[in-house]
Amino acid sequence: MSQTNILIFGATGYIAGTLLLRLLKLSNVSITVLVRSAEKAEKLRKLSLGLKVVEGSPTTDAALLVDLLKDTDLLIDSYNCDDFVGGQHIAAALRKSEKKTRVIHVSGTGVLMDDALGRDIPNKVWDDANVEEMASLEITRVHRNVDLEFIKADEDGAIYSYLVLPGAIFARPSGVLVDAGIQDADGKQHLSNGIPQNVITLGEPVIIGEGLNRWSIVELYELTDFLMILVTKLLSSEWEQVPHGKEGYFFVENGSVQLREVALTTARAMTGKAVSKTRPITEKELTNFGYPEIVVRLIGGNTRCVSTRARRLGWAPVKGEAEFLKEVETYTLDTVIKKK
């Protein structure tokens with residue numbers, strides 16, 4: 001049996017770097033990674049992991065993508081779900097390949113964001129198995145224009161697309177890539193958009209509005225559990241049974257967390273006191289933090305959803321809100337200690 005060629009974009013990042021260590025355990029595969037940083041590329045080569053390491057970026061190296069993708073059976077794109085130019089380059093290169101590549105594109109549940117500004121909207125829970133509802137997502141939503149590049153390529157018969165949309169991710173990566181200084185493990189990425197950092201900086205629990213909005217969440221290693229299930233399925237004889245294109249959306253969540261609780265947990269860890277009250281962050285404070293409107297909307301918005309399709313494939317997460325808040329506490333204590 002010939003080897004399956006796997007290509008990874010974003011292999012030194014938070015998600016794909018964690019996934020890569022598990023993919024290396026697969027048999028009968030050849031793995032190529034595209035790395036933007038020459039320094040990280042050289043560090044990867046020195047680890048002698050059995051990878052082919054290529055320097056370049058989907059944003060700037062369109063011709064290179066055509067060459068890389070001509071022999072690719074499975075592409076895992078965890079590069080940048082908001083890089084429209086990069087997304088266009090990837091889709092164009094895939095269309096030029098004689099192979100009909102299976103493509104896992106990692107996006108995010110930020111695409112579900114509403115304009116609640118700190119309010120809860122409990123009756124709105126998105127379901128990835130609701131094809132009509134998923135198709136109704138406007139192109140103006142965050143991540144959506146990039147997602148549609150892959151959906152369109154699937155509709156045109158050029159690829160098989162599988163869109164993976166994780167909630168807010170928590171837990172810190174570890175392993176050889178972290179130890180070598182290739183993968184970032186300082187805790188900034190998984191506690192997205194700075195709620196704990198805002199509280200630490202201002203010294204009190206601040207939120208958008210009342211902070212009653214909720215984010216869907218998923219633990220990093222349970223996210224990679226699902227990605228491995230999906231990869232394994234796509235490399236099996238049953239791969240055609242996996243929904244793709246308009247039906248190939250996969251939310252990855254295990255419950256949700258209220259942003260008010262994130263702020264309170266941070267304040268309690270920082271002060272050692274039983275803090276129970278929050279206050280809305282002011283316009284001046286938001287300006288001082290340099291937040292664009294889209295970040296304010298995200299911090300104040302809801303992204304509640306349910307992972308119907310992932311669970312149908314056998315994914316069974318166990319870590320949720322309690323573990324997320326524990327990670328917030330740990331992150332806060334580490335950050336406060338570093339400042340002293």
# chains A, B, ... in the order shown; residues from 1 in each chain; ligands from 1
call {"tool": "residues_around", "arguments": {"residues": "A:Leu202", "least_positions_apart": "3", "cutoff": "12 Å", "atoms": "only C-alpha atoms", "output": "PyMOL selection string"}}
result
chain A and resi 194-199+205-207+263+266-267+270+279+281-282+285-286+288-289
call {"tool": "residues_around", "arguments": {"residues": "A:Asn28", "least_positions_apart": "6", "cutoff": "12 Å", "atoms": "only C-alpha atoms", "output": "ChimeraX atom specification"}}
result
/A:1-6,235-236
call {"tool": "select_by_dssp", "arguments": {"residues": "stretch 59-140 of chain A", "states": "helix (DSSP H, G or I)", "output": "PyMOL selection string"}}
result
chain A and resi 62-69+84-96+109-112+131-135
call {"tool": "write_last_selection", "arguments": {"atoms": "C-alpha atoms", "output": "PDB file, in the first residue's frame"}}
result
ATOM      1  CA  ALA A  62       1.018  30.961  -3.880  1.00  0.00           C
ATOM      2  CA  ALA A  63       3.274  29.154  -6.386  1.00  0.00           C
ATOM      3  CA  LEU A  64       4.812  27.042  -3.632  1.00  0.00           C
ATOM      4  CA  LEU A  65       1.343  25.913  -2.546  1.00  0.00           C
ATOM      5  CA  VAL A  66       0.617  24.575  -6.031  1.00  0.00           C
ATOM      6  CA  ASP A  67       3.761  22.470  -5.906  1.00  0.00           C
ATOM      7  CA  LEU A  68       3.116  21.196  -2.376  1.00  0.00           C
ATOM      8  CA  LEU A  69      -0.528  20.299  -2.969  1.00  0.00           C
ATOM      9  CA  PHE A  84      -8.531  35.727   3.351  1.00  0.00           C
ATOM     10  CA  VAL A  85      -5.614  36.088   0.932  1.00  0.00           C
ATOM     11  CA  GLY A  86      -4.015  32.938   2.304  1.00  0.00           C
ATOM     12  CA  GLY A  87      -7.344  31.128   2.073  1.00  0.00           C
ATOM     13  CA  GLN A  88      -7.737  32.174  -1.548  1.00  0.00           C
ATOM     14  CA  HIS A  89      -4.229  30.977  -2.370  1.00  0.00           C
ATOM     15  CA  ILE A  90      -4.863  27.599  -0.737  1.00  0.00           C
ATOM     16  CA  ALA A  91      -8.187  27.130  -2.530  1.00  0.00           C
ATOM     17  CA  ALA A  92      -6.690  28.140  -5.887  1.00  0.00           C
ATOM     18  CA  ALA A  93      -3.796  25.693  -5.465  1.00  0.00           C
ATOM     19  CA  LEU A  94      -6.192  22.899  -4.521  1.00  0.00           C
ATOM     20  CA  ARG A  95      -8.217  23.529  -7.689  1.00  0.00           C
ATOM     21  CA  LYS A  96      -5.064  23.066  -9.765  1.00  0.00           C
ATOM     22  CA  THR A 109     -17.046  29.308  16.723  1.00  0.00           C
ATOM     23  CA  GLY A 110     -16.356  33.037  16.593  1.00  0.00           C
ATOM     24  CA  VAL A 111     -18.358  32.845  13.345  1.00  0.00           C
ATOM     25  CA  LEU A 112     -21.457  32.398  15.541  1.00  0.00           C
ATOM     26  CA  VAL A 131     -27.526  22.319   7.242  1.00  0.00           C
ATOM     27  CA  GLU A 132     -29.906  25.171   6.406  1.00  0.00           C
ATOM     28  CA  GLU A 133     -28.963  27.139   9.502  1.00  0.00           C
ATOM     29  CA  MET A 134     -25.251  26.727   8.849  1.00  0.00           C
ATOM     30  CA  ALA A 135     -25.701  27.858   5.257  1.00  0.00           C
TER      31      ALA A 135
END
call {"tool": "atom_distance", "arguments": {"atom1": "atom CA of A:Thr330", "atom2": "atom CA of A:Ser174"}}
result
15.6 Å
call {"tool": "select_by_dssp", "arguments": {"residues": "stretch 14-151 of chain A", "states": "strand (DSSP E or B)", "output": "list in words"}}
result
Val29, Ser30, Ile31, Thr32, Val33, Leu34, Val35, Lys52, Val53, Val54, Glu55, Leu74, Leu75, Ile76, Asp77, Arg102, Val103, Ile104, His105, Val106, Trp126 and Asp127 of chain A
call {"tool": "write_last_selection", "arguments": {"atoms": "C-alpha atoms", "output": "JSON list (two decimals), in the first residue's frame"}}
result
[["chain", "number", "residue", "atom", "x", "y", "z"],
["A", 29, "VAL", "CA", 1.98, 8.30, 6.19],
["A", 30, "SER", "CA", 4.40, 10.92, 4.93],
["A", 31, "ILE", "CA", 4.05, 14.29, 6.68],
["A", 32, "THR", "CA", 5.12, 17.65, 5.25],
["A", 33, "VAL", "CA", 4.81, 20.89, 7.23],
["A", 34, "LEU", "CA", 4.86, 24.42, 5.86],
["A", 35, "VAL", "CA", 6.54, 26.77, 8.36],
["A", 52, "LYS", "CA", 9.64, 17.18, 5.52],
["A", 53, "VAL", "CA", 9.94, 20.84, 6.56],
["A", 54, "VAL", "CA", 9.32, 23.55, 3.97],
["A", 55, "GLU", "CA", 9.66, 27.28, 4.60],
["A", 74, "LEU", "CA", -4.93, 15.13, 3.16],
["A", 75, "LEU", "CA", -4.41, 18.80, 3.98],
["A", 76, "ILE", "CA", -4.76, 20.01, 7.56],
["A", 77, "ASP", "CA", -5.06, 23.80, 7.45],
["A", 102, "ARG", "CA", -9.43, 15.88, 1.52],
["A", 103, "VAL", "CA", -9.12, 19.19, 3.40],
["A", 104, "ILE", "CA", -9.57, 19.78, 7.12],
["A", 105, "HIS", "CA", -9.81, 23.54, 7.66],
["A", 106, "VAL", "CA", -9.71, 24.70, 11.28],
["A", 126, "TRP", "CA", -26.34, 26.52, 16.93],
["A", 127, "ASP", "CA", -26.28, 22.89, 15.75]]
call {"tool": "closest_residue", "arguments": {"among": "A:Ser216, A:Thr265, A:Thr59, A:Thr18", "to": "A:Val252", "atoms": "only C-alpha atoms"}}
result
A:Ser216
call {"tool": "closest_residue", "arguments": {"among": "A:Tyr160, A:Tyr79, A:Phe170, A:Phe9", "to": "A:Thr224", "atoms": "only C-alpha atoms"}}
result
A:Phe170
call {"tool": "closest_residue", "arguments": {"among": "A:Met113, A:Leu148, A:Ile229, A:Leu163", "to": "A:Asn213", "atoms": "only C-alpha atoms"}}
result
A:Met113
call {"tool": "closest_residue", "arguments": {"among": "A:Arg214, A:Arg144, A:Arg260, A:Arg45", "to": "A:Cys305", "atoms": "only C-alpha atoms"}}
result
A:Arg214
call {"tool": "atom_distance", "arguments": {"atom1": "atom CA of A:Leu49", "atom2": "atom CA of A:Gly10"}}
result
16.5 Å
call {"tool": "closest_residue", "arguments": {"among": "A:Thr287, A:His244, A:Val218, A:Leu325", "to": "A:Lys152", "atoms": "only C-alpha atoms"}}
result
A:His244
call {"tool": "closest_residue", "arguments": {"among": "A:Gly181, A:Pro166, A:Gly157, A:Gly175", "to": "A:Ser97", "atoms": "only C-alpha atoms"}}
result
A:Gly157
call {"tool": "atom_distance", "arguments": {"atom1": "atom CA of A:Ser48", "atom2": "atom CA of A:Tyr14"}}
result
20.5 Å
